[in-house]
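Raw contents of input10.cif, mmCIF, N, CA and C atoms:
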data_upload
#
loop_
_atom_site.label_atom_id
_atom_site.label_comp_id
_atom_site.auth_asym_id
_atom_site.auth_seq_id
_atom_site.Cartn_x
_atom_site.Cartn_y
_atom_site.Cartn_z
N GLN A 1 0.84 -1.18 0.00
CA GLN A 1 0.00 0.00 0.00
C GLN A 1 0.89 1.25 0.00
N VAL A 2 0.56 2.19 -0.85
CA VAL A 2 1.31 3.43 -0.95
C VAL A 2 0.68 4.47 -0.04
N GLN A 3 1.48 5.08 0.80
CA GLN A 3 0.98 6.13 1.68
C GLN A 3 1.71 7.43 1.37
N LEU A 4 0.95 8.52 1.31
CA LEU A 4 1.50 9.81 0.97
C LEU A 4 1.18 10.80 2.09
N VAL A 5 2.16 11.56 2.50
CA VAL A 5 1.97 12.55 3.55
C VAL A 5 2.53 13.89 3.09
N GLU A 6 1.63 14.86 2.98
CA GLU A 6 2.04 16.20 2.56
C GLU A 6 2.46 17.04 3.77
N SER A 7 3.34 17.98 3.54
CA SER A 7 3.75 18.92 4.59
C SER A 7 4.22 20.21 3.94
N GLY A 8 4.36 21.25 4.76
CA GLY A 8 4.89 22.51 4.27
C GLY A 8 3.87 23.60 4.06
N GLY A 9 2.60 23.28 4.24
CA GLY A 9 1.57 24.29 4.08
C GLY A 9 1.60 25.31 5.21
N GLY A 10 0.83 26.37 5.03
CA GLY A 10 0.76 27.39 6.06
C GLY A 10 0.12 28.66 5.57
N LEU A 11 0.26 29.71 6.37
CA LEU A 11 -0.29 31.02 6.06
C LEU A 11 0.83 31.91 5.55
N MET A 12 0.58 32.59 4.44
CA MET A 12 1.61 33.45 3.88
C MET A 12 0.99 34.62 3.14
N GLN A 13 1.83 35.61 2.89
CA GLN A 13 1.36 36.80 2.18
C GLN A 13 1.56 36.64 0.68
N ALA A 14 0.73 37.32 -0.05
CA ALA A 14 0.85 37.31 -1.51
C ALA A 14 2.24 37.76 -1.93
N GLY A 15 2.75 37.08 -2.95
CA GLY A 15 4.08 37.40 -3.45
C GLY A 15 5.18 36.57 -2.85
N GLY A 16 4.86 35.84 -1.80
CA GLY A 16 5.86 35.02 -1.12
C GLY A 16 6.07 33.68 -1.78
N SER A 17 6.91 32.86 -1.14
CA SER A 17 7.24 31.53 -1.66
C SER A 17 7.03 30.48 -0.57
N LEU A 18 6.78 29.28 -1.04
CA LEU A 18 6.53 28.17 -0.13
C LEU A 18 6.91 26.90 -0.86
N ARG A 19 7.42 25.91 -0.13
CA ARG A 19 7.69 24.62 -0.74
C ARG A 19 6.91 23.54 -0.01
N LEU A 20 6.10 22.83 -0.76
CA LEU A 20 5.37 21.69 -0.23
C LEU A 20 6.17 20.42 -0.49
N SER A 21 6.08 19.49 0.45
CA SER A 21 6.73 18.20 0.30
C SER A 21 5.69 17.10 0.40
N CYS A 22 5.95 16.01 -0.28
CA CYS A 22 5.10 14.83 -0.22
C CYS A 22 6.00 13.63 0.00
N ALA A 23 5.98 13.11 1.21
CA ALA A 23 6.78 11.94 1.55
C ALA A 23 5.96 10.68 1.30
N VAL A 24 6.55 9.75 0.57
CA VAL A 24 5.86 8.53 0.19
C VAL A 24 6.48 7.33 0.90
N SER A 25 5.65 6.44 1.38
CA SER A 25 6.12 5.20 2.00
C SER A 25 5.34 4.02 1.46
N GLY A 26 5.89 2.85 1.63
CA GLY A 26 5.21 1.65 1.19
C GLY A 26 5.67 1.14 -0.17
N ARG A 27 6.10 2.01 -1.03
CA ARG A 27 6.62 1.64 -2.36
C ARG A 27 7.66 2.68 -2.75
N THR A 28 8.57 2.29 -3.61
CA THR A 28 9.49 3.27 -4.15
C THR A 28 8.77 4.08 -5.22
N ILE A 29 8.91 5.40 -5.16
CA ILE A 29 8.16 6.24 -6.10
C ILE A 29 8.76 6.24 -7.49
N SER A 30 9.88 5.57 -7.67
CA SER A 30 10.50 5.58 -8.99
C SER A 30 9.62 4.90 -10.04
N PHE A 31 8.61 4.14 -9.60
CA PHE A 31 7.70 3.50 -10.55
C PHE A 31 6.38 4.25 -10.68
N TYR A 32 6.31 5.46 -10.11
CA TYR A 32 5.06 6.21 -10.10
C TYR A 32 5.25 7.59 -10.69
N ALA A 33 4.30 7.98 -11.53
CA ALA A 33 4.18 9.39 -11.86
C ALA A 33 3.48 10.05 -10.68
N MET A 34 3.83 11.31 -10.43
CA MET A 34 3.30 11.99 -9.26
C MET A 34 2.62 13.29 -9.66
N GLY A 35 1.62 13.67 -8.91
CA GLY A 35 0.91 14.90 -9.22
C GLY A 35 0.53 15.67 -7.98
N TRP A 36 0.29 16.95 -8.18
CA TRP A 36 -0.27 17.81 -7.15
C TRP A 36 -1.62 18.35 -7.64
N PHE A 37 -2.59 18.31 -6.76
CA PHE A 37 -3.91 18.87 -7.03
C PHE A 37 -4.24 19.81 -5.88
N ARG A 38 -5.28 20.61 -6.07
CA ARG A 38 -5.70 21.50 -4.98
C ARG A 38 -7.21 21.69 -5.03
N GLN A 39 -7.76 22.00 -3.88
CA GLN A 39 -9.19 22.29 -3.80
C GLN A 39 -9.38 23.52 -2.94
N GLY A 40 -9.79 24.60 -3.59
CA GLY A 40 -10.04 25.85 -2.90
C GLY A 40 -11.42 25.85 -2.26
N PRO A 41 -11.70 26.80 -1.38
CA PRO A 41 -13.00 26.86 -0.71
C PRO A 41 -14.14 27.01 -1.71
N GLY A 42 -15.08 26.11 -1.65
CA GLY A 42 -16.22 26.14 -2.54
C GLY A 42 -15.94 25.76 -3.98
N LYS A 43 -14.77 25.17 -4.20
CA LYS A 43 -14.38 24.83 -5.58
C LYS A 43 -14.18 23.32 -5.73
N GLU A 44 -14.17 22.90 -6.99
CA GLU A 44 -13.84 21.51 -7.30
C GLU A 44 -12.33 21.32 -7.19
N ARG A 45 -11.94 20.09 -6.96
CA ARG A 45 -10.51 19.79 -6.96
C ARG A 45 -9.96 19.98 -8.38
N GLU A 46 -8.79 20.60 -8.47
CA GLU A 46 -8.21 20.88 -9.78
C GLU A 46 -6.75 20.47 -9.85
N PHE A 47 -6.33 20.18 -11.04
CA PHE A 47 -4.95 19.79 -11.31
C PHE A 47 -4.03 20.99 -11.14
N VAL A 48 -2.85 20.75 -10.57
CA VAL A 48 -1.84 21.80 -10.41
C VAL A 48 -0.59 21.47 -11.23
N ALA A 49 -0.01 20.30 -10.97
CA ALA A 49 1.24 19.94 -11.64
C ALA A 49 1.44 18.44 -11.58
N ALA A 50 2.21 17.91 -12.53
CA ALA A 50 2.53 16.48 -12.55
C ALA A 50 3.93 16.28 -13.08
N ILE A 51 4.52 15.16 -12.67
CA ILE A 51 5.87 14.83 -13.09
C ILE A 51 5.95 13.35 -13.37
N SER A 52 6.65 12.98 -14.42
CA SER A 52 6.76 11.57 -14.80
C SER A 52 7.72 10.82 -13.87
N ARG A 53 7.77 9.52 -14.07
CA ARG A 53 8.58 8.64 -13.21
C ARG A 53 9.99 9.14 -13.01
N THR A 54 10.64 9.50 -14.10
CA THR A 54 12.04 9.89 -14.02
C THR A 54 12.24 11.39 -13.95
N GLY A 55 11.14 12.13 -14.00
CA GLY A 55 11.24 13.59 -13.98
C GLY A 55 11.46 14.21 -15.35
N GLY A 56 11.45 13.38 -16.38
CA GLY A 56 11.73 13.90 -17.71
C GLY A 56 10.60 14.69 -18.32
N THR A 57 9.40 14.50 -17.80
CA THR A 57 8.23 15.22 -18.29
C THR A 57 7.51 15.88 -17.13
N THR A 58 7.15 17.13 -17.32
CA THR A 58 6.33 17.83 -16.34
C THR A 58 5.16 18.50 -17.05
N GLU A 59 4.11 18.73 -16.31
CA GLU A 59 2.91 19.37 -16.84
C GLU A 59 2.38 20.30 -15.77
N TYR A 60 1.88 21.46 -16.18
CA TYR A 60 1.36 22.44 -15.23
C TYR A 60 0.03 22.99 -15.68
N ALA A 61 -0.79 23.34 -14.72
CA ALA A 61 -2.01 24.09 -15.01
C ALA A 61 -1.60 25.49 -15.47
N ASP A 62 -2.38 26.06 -16.35
CA ASP A 62 -2.06 27.39 -16.87
C ASP A 62 -1.98 28.42 -15.74
N SER A 63 -2.79 28.22 -14.72
CA SER A 63 -2.87 29.20 -13.63
C SER A 63 -1.59 29.27 -12.78
N VAL A 64 -0.75 28.22 -12.85
CA VAL A 64 0.46 28.19 -12.04
C VAL A 64 1.73 28.17 -12.87
N LYS A 65 1.59 28.05 -14.17
CA LYS A 65 2.75 27.95 -15.05
C LYS A 65 3.64 29.18 -14.89
N GLY A 66 4.93 28.93 -14.73
CA GLY A 66 5.87 30.02 -14.54
C GLY A 66 6.04 30.44 -13.09
N ARG A 67 5.17 29.97 -12.21
CA ARG A 67 5.27 30.32 -10.79
C ARG A 67 5.57 29.10 -9.92
N PHE A 68 5.01 27.96 -10.28
CA PHE A 68 5.19 26.73 -9.50
C PHE A 68 6.13 25.78 -10.24
N THR A 69 6.87 25.00 -9.46
CA THR A 69 7.75 23.99 -10.04
C THR A 69 7.60 22.69 -9.28
N ILE A 70 7.32 21.62 -10.00
CA ILE A 70 7.25 20.29 -9.39
C ILE A 70 8.58 19.59 -9.62
N SER A 71 9.03 18.87 -8.60
CA SER A 71 10.28 18.12 -8.72
C SER A 71 10.17 16.86 -7.87
N ARG A 72 11.13 15.97 -8.03
CA ARG A 72 11.10 14.73 -7.27
C ARG A 72 12.51 14.30 -6.95
N ASP A 73 12.64 13.64 -5.82
CA ASP A 73 13.89 13.04 -5.40
C ASP A 73 13.58 11.58 -5.12
N ASN A 74 13.83 10.73 -6.11
CA ASN A 74 13.47 9.31 -5.96
C ASN A 74 14.27 8.64 -4.85
N ALA A 75 15.46 9.11 -4.61
CA ALA A 75 16.28 8.53 -3.55
C ALA A 75 15.67 8.78 -2.17
N LYS A 76 14.97 9.92 -2.04
CA LYS A 76 14.32 10.26 -0.77
C LYS A 76 12.84 9.91 -0.77
N ASN A 77 12.37 9.35 -1.89
CA ASN A 77 10.94 8.99 -2.00
C ASN A 77 10.04 10.19 -1.70
N THR A 78 10.43 11.32 -2.25
CA THR A 78 9.73 12.57 -1.93
C THR A 78 9.51 13.38 -3.20
N VAL A 79 8.37 14.03 -3.24
CA VAL A 79 8.02 14.94 -4.33
C VAL A 79 7.81 16.33 -3.74
N TYR A 80 8.15 17.34 -4.51
CA TYR A 80 8.07 18.72 -4.02
C TYR A 80 7.23 19.58 -4.95
N LEU A 81 6.67 20.63 -4.38
CA LEU A 81 6.03 21.66 -5.18
C LEU A 81 6.53 23.00 -4.67
N GLN A 82 7.39 23.63 -5.46
CA GLN A 82 7.90 24.96 -5.12
C GLN A 82 6.90 25.98 -5.64
N MET A 83 6.41 26.81 -4.73
CA MET A 83 5.39 27.79 -5.08
C MET A 83 6.00 29.18 -4.91
N ASN A 84 6.11 29.91 -5.99
CA ASN A 84 6.64 31.28 -5.95
C ASN A 84 5.57 32.27 -6.39
N SER A 85 5.76 33.51 -5.99
CA SER A 85 4.83 34.58 -6.38
C SER A 85 3.38 34.17 -6.13
N VAL A 86 3.13 33.66 -4.95
CA VAL A 86 1.79 33.14 -4.66
C VAL A 86 0.76 34.26 -4.64
N LYS A 87 -0.47 33.88 -4.94
CA LYS A 87 -1.60 34.81 -5.01
C LYS A 87 -2.70 34.33 -4.08
N PRO A 88 -3.59 35.22 -3.68
CA PRO A 88 -4.71 34.79 -2.83
C PRO A 88 -5.52 33.65 -3.46
N GLU A 89 -5.61 33.64 -4.78
CA GLU A 89 -6.37 32.57 -5.45
C GLU A 89 -5.67 31.21 -5.40
N ASP A 90 -4.45 31.18 -4.89
CA ASP A 90 -3.76 29.90 -4.68
C ASP A 90 -4.18 29.25 -3.36
N THR A 91 -4.98 29.95 -2.57
CA THR A 91 -5.46 29.39 -1.31
C THR A 91 -6.27 28.13 -1.56
N ALA A 92 -5.86 27.05 -0.92
CA ALA A 92 -6.51 25.76 -1.15
C ALA A 92 -5.87 24.71 -0.26
N VAL A 93 -6.50 23.56 -0.20
CA VAL A 93 -5.86 22.37 0.34
C VAL A 93 -5.14 21.70 -0.82
N TYR A 94 -3.87 21.44 -0.64
CA TYR A 94 -3.04 20.85 -1.69
C TYR A 94 -2.84 19.36 -1.40
N TYR A 95 -3.11 18.56 -2.43
CA TYR A 95 -3.02 17.12 -2.32
C TYR A 95 -1.93 16.57 -3.24
N CYS A 96 -1.22 15.60 -2.74
CA CYS A 96 -0.25 14.86 -3.52
C CYS A 96 -0.90 13.55 -3.95
N ALA A 97 -0.57 13.09 -5.15
CA ALA A 97 -1.16 11.86 -5.66
C ALA A 97 -0.14 11.07 -6.45
N ALA A 98 -0.33 9.73 -6.46
CA ALA A 98 0.57 8.83 -7.17
C ALA A 98 -0.18 8.02 -8.21
N ASP A 99 0.39 7.91 -9.38
CA ASP A 99 -0.20 7.17 -10.50
C ASP A 99 0.75 6.03 -10.84
N GLY A 100 0.29 4.79 -10.64
CA GLY A 100 1.16 3.68 -10.99
C GLY A 100 0.80 2.41 -10.28
N PRO A 101 1.66 1.41 -10.32
CA PRO A 101 3.01 1.50 -10.86
C PRO A 101 3.02 1.52 -12.39
N ILE A 102 3.98 2.25 -12.94
CA ILE A 102 4.15 2.37 -14.38
C ILE A 102 5.42 1.62 -14.75
N LEU A 103 5.24 0.62 -15.63
CA LEU A 103 6.36 -0.26 -15.92
C LEU A 103 7.08 0.09 -17.22
N THR A 104 6.38 0.74 -18.14
CA THR A 104 6.99 0.97 -19.45
C THR A 104 7.10 2.44 -19.82
N ASN A 105 6.00 3.15 -19.87
CA ASN A 105 5.99 4.52 -20.37
C ASN A 105 6.51 5.48 -19.31
N THR A 106 7.80 5.69 -19.29
CA THR A 106 8.42 6.49 -18.23
C THR A 106 8.12 7.98 -18.37
N PHE A 107 7.54 8.41 -19.51
CA PHE A 107 7.26 9.82 -19.72
C PHE A 107 5.80 10.18 -19.43
N ARG A 108 5.03 9.21 -19.00
CA ARG A 108 3.59 9.43 -18.82
C ARG A 108 3.30 10.37 -17.65
N VAL A 109 2.44 11.35 -17.92
CA VAL A 109 1.87 12.18 -16.86
C VAL A 109 0.39 12.35 -17.15
N HIS A 110 -0.40 12.50 -16.11
CA HIS A 110 -1.83 12.70 -16.25
C HIS A 110 -2.26 13.96 -15.54
N THR A 111 -3.27 14.61 -16.07
CA THR A 111 -3.83 15.80 -15.42
C THR A 111 -5.18 15.53 -14.79
N ALA A 112 -5.77 14.39 -15.10
CA ALA A 112 -7.09 14.06 -14.55
C ALA A 112 -6.94 13.32 -13.24
N ASP A 113 -7.72 13.73 -12.25
CA ASP A 113 -7.54 13.12 -10.93
C ASP A 113 -7.92 11.65 -10.90
N TYR A 114 -8.83 11.22 -11.78
CA TYR A 114 -9.25 9.82 -11.75
C TYR A 114 -8.15 8.87 -12.23
N GLU A 115 -7.09 9.42 -12.82
CA GLU A 115 -5.97 8.59 -13.27
C GLU A 115 -5.03 8.23 -12.12
N TYR A 116 -5.20 8.86 -10.99
CA TYR A 116 -4.29 8.66 -9.87
C TYR A 116 -4.86 7.63 -8.90
N ASP A 117 -3.98 6.81 -8.38
CA ASP A 117 -4.40 5.66 -7.58
C ASP A 117 -4.30 5.88 -6.08
N PHE A 118 -3.41 6.74 -5.66
CA PHE A 118 -3.17 6.94 -4.23
C PHE A 118 -3.10 8.44 -3.95
N TRP A 119 -3.66 8.81 -2.79
CA TRP A 119 -3.76 10.21 -2.42
C TRP A 119 -3.32 10.44 -0.98
N GLY A 120 -2.77 11.63 -0.74
CA GLY A 120 -2.48 12.05 0.61
C GLY A 120 -3.68 12.74 1.23
N GLN A 121 -3.50 13.17 2.48
CA GLN A 121 -4.58 13.80 3.22
C GLN A 121 -4.69 15.29 2.93
N GLY A 122 -3.64 15.86 2.39
CA GLY A 122 -3.69 17.28 2.03
C GLY A 122 -3.02 18.18 3.06
N THR A 123 -2.58 19.33 2.58
CA THR A 123 -2.00 20.35 3.45
C THR A 123 -2.58 21.70 3.05
N GLN A 124 -2.96 22.50 4.04
CA GLN A 124 -3.64 23.77 3.77
C GLN A 124 -2.62 24.85 3.44
N VAL A 125 -2.88 25.58 2.37
CA VAL A 125 -2.10 26.76 2.02
C VAL A 125 -3.06 27.94 1.97
N THR A 126 -2.76 28.97 2.74
CA THR A 126 -3.60 30.15 2.76
C THR A 126 -2.74 31.37 2.43
N VAL A 127 -3.18 32.11 1.43
CA VAL A 127 -2.42 33.28 0.97
C VAL A 127 -3.27 34.52 1.22
N SER A 128 -2.72 35.44 1.99
CA SER A 128 -3.44 36.68 2.28
C SER A 128 -2.95 37.79 1.35
N SER A 129 -3.85 38.71 1.08
CA SER A 129 -3.51 39.81 0.16
C SER A 129 -2.87 40.97 0.88
#

Could I get this file's structure written as structure tokens?
Amino acid sequence: QVQLVESGGGLMQAGGSLRLSCAVSGRTISFYAMGWFRQGPGKEREFVAAISRTGGTTEYADSVKGRFTISRDNAKNTVYLQMNSVKPEDTAVYYCAADGPILTNTFRVHTADYEYDFWGQGTQVTVSS
């Protein structure tokens, strides 16, 4: 069973930076594509960013492109989301998710939440103006 635990959320001012971490246990993440999603107050859960097994492919939502960066450290079984120039509209619970295991297509990434098999509990990010 794959378990994901997010950390790094908090309260911050607009324009600041924050790094979220997702620690994975139970399986090595080198066989999983990883993604970040978020759900703002009164909103549907939405895709934020995804990274392929080896990190060779990344995908971002238009709303965060150029501001957020997803990365992974397979040796530490951890995925990160670096958030820069944050805005009040980035306020949400951020979820980490794992898609896999993927045995062949090492460049695969998905933006749809139903493609992901395992989810963390989420970490709250609140951005004040």

Using only C-alpha atoms, which of the listed residues (A:Arg53, A:Lys76, A:Arg38, A:Arg108) sits closest to A:Ser25?
-> A:Lys76

Any idea what's packed within 8 Å of A:Glu89, counting all atoms listed in the file, ignoring anything in its chain fewer than 4 positions away? Could you give it as a ChimeraX atom specification?
-> /A:40,127-129

Figure out the distance between atom N of A:Ala49 and atom N of A:Tyr116, please, to one decimal in Å.
->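 A separation of 12.6 Å between them.
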
Assuming the chain letters and numbering stay as they are in my file, what does the PyMOL selection byres (((chain A and resi 64 and name CA) around 12) and name CA) actually select? List them as a PDB file with N, CA and C atoms, in the frame of the given file.
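Once written, out.pdb looks like this:
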ATOM      1  N   TRP A  36       0.290  16.950  -8.180  1.00  0.00           N
ATOM      2  CA  TRP A  36      -0.270  17.810  -7.150  1.00  0.00           C
ATOM      3  C   TRP A  36      -1.620  18.350  -7.640  1.00  0.00           C
ATOM      4  N   PHE A  37      -2.590  18.310  -6.760  1.00  0.00           N
ATOM      5  CA  PHE A  37      -3.910  18.870  -7.030  1.00  0.00           C
ATOM      6  C   PHE A  37      -4.240  19.810  -5.880  1.00  0.00           C
ATOM      7  N   ARG A  38      -5.280  20.610  -6.070  1.00  0.00           N
ATOM      8  CA  ARG A  38      -5.700  21.500  -4.980  1.00  0.00           C
ATOM      9  C   ARG A  38      -7.210  21.690  -5.030  1.00  0.00           C
ATOM     10  N   GLU A  46      -8.790  20.600  -8.470  1.00  0.00           N
ATOM     11  CA  GLU A  46      -8.210  20.880  -9.780  1.00  0.00           C
ATOM     12  C   GLU A  46      -6.750  20.470  -9.850  1.00  0.00           C
ATOM     13  N   PHE A  47      -6.330  20.180 -11.040  1.00  0.00           N
ATOM     14  CA  PHE A  47      -4.950  19.790 -11.310  1.00  0.00           C
ATOM     15  C   PHE A  47      -4.030  20.990 -11.140  1.00  0.00           C
ATOM     16  N   VAL A  48      -2.850  20.750 -10.570  1.00  0.00           N
ATOM     17  CA  VAL A  48      -1.840  21.800 -10.410  1.00  0.00           C
ATOM     18  C   VAL A  48      -0.590  21.470 -11.230  1.00  0.00           C
ATOM     19  N   ALA A  49      -0.010  20.300 -10.970  1.00  0.00           N
ATOM     20  CA  ALA A  49       1.240  19.940 -11.640  1.00  0.00           C
ATOM     21  C   ALA A  49       1.440  18.440 -11.580  1.00  0.00           C
ATOM     22  N   ALA A  50       2.210  17.910 -12.530  1.00  0.00           N
ATOM     23  CA  ALA A  50       2.530  16.480 -12.550  1.00  0.00           C
ATOM     24  C   ALA A  50       3.930  16.280 -13.080  1.00  0.00           C
ATOM     25  N   GLU A  59       4.110  18.730 -16.310  1.00  0.00           N
ATOM     26  CA  GLU A  59       2.910  19.370 -16.840  1.00  0.00           C
ATOM     27  C   GLU A  59       2.380  20.300 -15.770  1.00  0.00           C
ATOM     28  N   TYR A  60       1.880  21.460 -16.180  1.00  0.00           N
ATOM     29  CA  TYR A  60       1.360  22.440 -15.230  1.00  0.00           C
ATOM     30  C   TYR A  60       0.030  22.990 -15.680  1.00  0.00           C
ATOM     31  N   ALA A  61      -0.790  23.340 -14.720  1.00  0.00           N
ATOM     32  CA  ALA A  61      -2.010  24.090 -15.010  1.00  0.00           C
ATOM     33  C   ALA A  61      -1.600  25.490 -15.470  1.00  0.00           C
ATOM     34  N   ASP A  62      -2.380  26.060 -16.350  1.00  0.00           N
ATOM     35  CA  ASP A  62      -2.060  27.390 -16.870  1.00  0.00           C
ATOM     36  C   ASP A  62      -1.980  28.420 -15.740  1.00  0.00           C
ATOM     37  N   SER A  63      -2.790  28.220 -14.720  1.00  0.00           N
ATOM     38  CA  SER A  63      -2.870  29.200 -13.630  1.00  0.00           C
ATOM     39  C   SER A  63      -1.590  29.270 -12.780  1.00  0.00           C
ATOM     40  N   LYS A  65       1.590  28.050 -14.170  1.00  0.00           N
ATOM     41  CA  LYS A  65       2.750  27.950 -15.050  1.00  0.00           C
ATOM     42  C   LYS A  65       3.640  29.180 -14.890  1.00  0.00           C
ATOM     43  N   GLY A  66       4.930  28.930 -14.730  1.00  0.00           N
ATOM     44  CA  GLY A  66       5.870  30.020 -14.540  1.00  0.00           C
ATOM     45  C   GLY A  66       6.040  30.440 -13.090  1.00  0.00           C
ATOM     46  N   ARG A  67       5.170  29.970 -12.210  1.00  0.00           N
ATOM     47  CA  ARG A  67       5.270  30.320 -10.790  1.00  0.00           C
ATOM     48  C   ARG A  67       5.570  29.100  -9.920  1.00  0.00           C
ATOM     49  N   PHE A  68       5.010  27.960 -10.280  1.00  0.00           N
ATOM     50  CA  PHE A  68       5.190  26.730  -9.500  1.00  0.00           C
ATOM     51  C   PHE A  68       6.130  25.780 -10.240  1.00  0.00           C
ATOM     52  N   THR A  69       6.870  25.000  -9.460  1.00  0.00           N
ATOM     53  CA  THR A  69       7.750  23.990 -10.040  1.00  0.00           C
ATOM     54  C   THR A  69       7.600  22.690  -9.280  1.00  0.00           C
ATOM     55  N   ILE A  70       7.320  21.620 -10.000  1.00  0.00           N
ATOM     56  CA  ILE A  70       7.250  20.290  -9.390  1.00  0.00           C
ATOM     57  C   ILE A  70       8.580  19.590  -9.620  1.00  0.00           C
ATOM     58  N   LEU A  81       6.670  20.630  -4.380  1.00  0.00           N
ATOM     59  CA  LEU A  81       6.030  21.660  -5.180  1.00  0.00           C
ATOM     60  C   LEU A  81       6.530  23.000  -4.670  1.00  0.00           C
ATOM     61  N   GLN A  82       7.390  23.630  -5.460  1.00  0.00           N
ATOM     62  CA  GLN A  82       7.900  24.960  -5.120  1.00  0.00           C
ATOM     63  C   GLN A  82       6.900  25.980  -5.640  1.00  0.00           C
ATOM     64  N   MET A  83       6.410  26.810  -4.730  1.00  0.00           N
ATOM     65  CA  MET A  83       5.390  27.790  -5.080  1.00  0.00           C
ATOM     66  C   MET A  83       6.000  29.180  -4.910  1.00  0.00           C
ATOM     67  N   ASN A  84       6.110  29.910  -5.990  1.00  0.00           N
ATOM     68  CA  ASN A  84       6.640  31.280  -5.950  1.00  0.00           C
ATOM     69  C   ASN A  84       5.570  32.270  -6.390  1.00  0.00           C
ATOM     70  N   SER A  85       5.760  33.510  -5.990  1.00  0.00           N
ATOM     71  CA  SER A  85       4.830  34.580  -6.380  1.00  0.00           C
ATOM     72  C   SER A  85       3.380  34.170  -6.130  1.00  0.00           C
ATOM     73  N   VAL A  86       3.130  33.660  -4.950  1.00  0.00           N
ATOM     74  CA  VAL A  86       1.790  33.140  -4.660  1.00  0.00           C
ATOM     75  C   VAL A  86       0.760  34.260  -4.640  1.00  0.00           C
ATOM     76  N   LYS A  87      -0.470  33.880  -4.940  1.00  0.00           N
ATOM     77  CA  LYS A  87      -1.600  34.810  -5.010  1.00  0.00           C
ATOM     78  C   LYS A  87      -2.700  34.330  -4.080  1.00  0.00           C
ATOM     79  N   GLU A  89      -5.610  33.640  -4.780  1.00  0.00           N
ATOM     80  CA  GLU A  89      -6.370  32.570  -5.450  1.00  0.00           C
ATOM     81  C   GLU A  89      -5.670  31.210  -5.400  1.00  0.00           C
ATOM     82  N   ASP A  90      -4.450  31.180  -4.890  1.00  0.00           N
ATOM     83  CA  ASP A  90      -3.760  29.900  -4.680  1.00  0.00           C
ATOM     84  C   ASP A  90      -4.180  29.250  -3.360  1.00  0.00           C
TER      85      ASP A  90
END

Spatial neighbours of A:Ile102, 6.5 Å, all atoms listed in the file, chain gap at least 5 places, as a list of chain:residue names | A:Phe31, A:Tyr32, A:Ala33

Requested write-out: N, CA and C atoms of the selected residues, as a CSV table (one decimal), in the frame of the given file:
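For reference, selection-v1.csv as written:
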chain,number,residue,atom,x,y,z
A,31,PHE,N,8.6,4.1,-9.6
A,31,PHE,CA,7.7,3.5,-10.6
A,31,PHE,C,6.4,4.2,-10.7
A,32,TYR,N,6.3,5.5,-10.1
A,32,TYR,CA,5.1,6.2,-10.1
A,32,TYR,C,5.2,7.6,-10.7
A,33,ALA,N,4.3,8.0,-11.5
A,33,ALA,CA,4.2,9.4,-11.9
A,33,ALA,C,3.5,10.0,-10.7

Best match for closeness to A:Val109 among A:Gln121, A:Ser71, A:Thr126, A:Thr58, counting all atoms listed in the file |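 Comparing A:Gln121, A:Ser71, A:Thr126, A:Thr58 against A:Val109, the winner is A:Thr58.
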
Go through A:Asn74, A:Thr111, A:Thr123, A:Ser52 one by one, measure the shortest atom-to-atom distance of each to A:Cys96 using only N, CA and C atoms, and give the residue with the smallest value.
->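 Comparing A:Asn74, A:Thr111, A:Thr123, A:Ser52 against A:Cys96, the winner is A:Thr123.
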
Kindly give the distance, in Å, that separates atom CA of A:Gly122 and atom C of A:Thr106, rounded to a single decimal.
->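 Between atom CA of A:Gly122 and atom C of A:Thr106 the gap is 25.3 Å.
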
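Of the residues under consideration (A:Pro88, A:Ala98, A:His110, A:Gln1), A:Pro88 shows the shortest atom-to-atom contact distance to A:Gln13 when counting only N, CA and C atoms.
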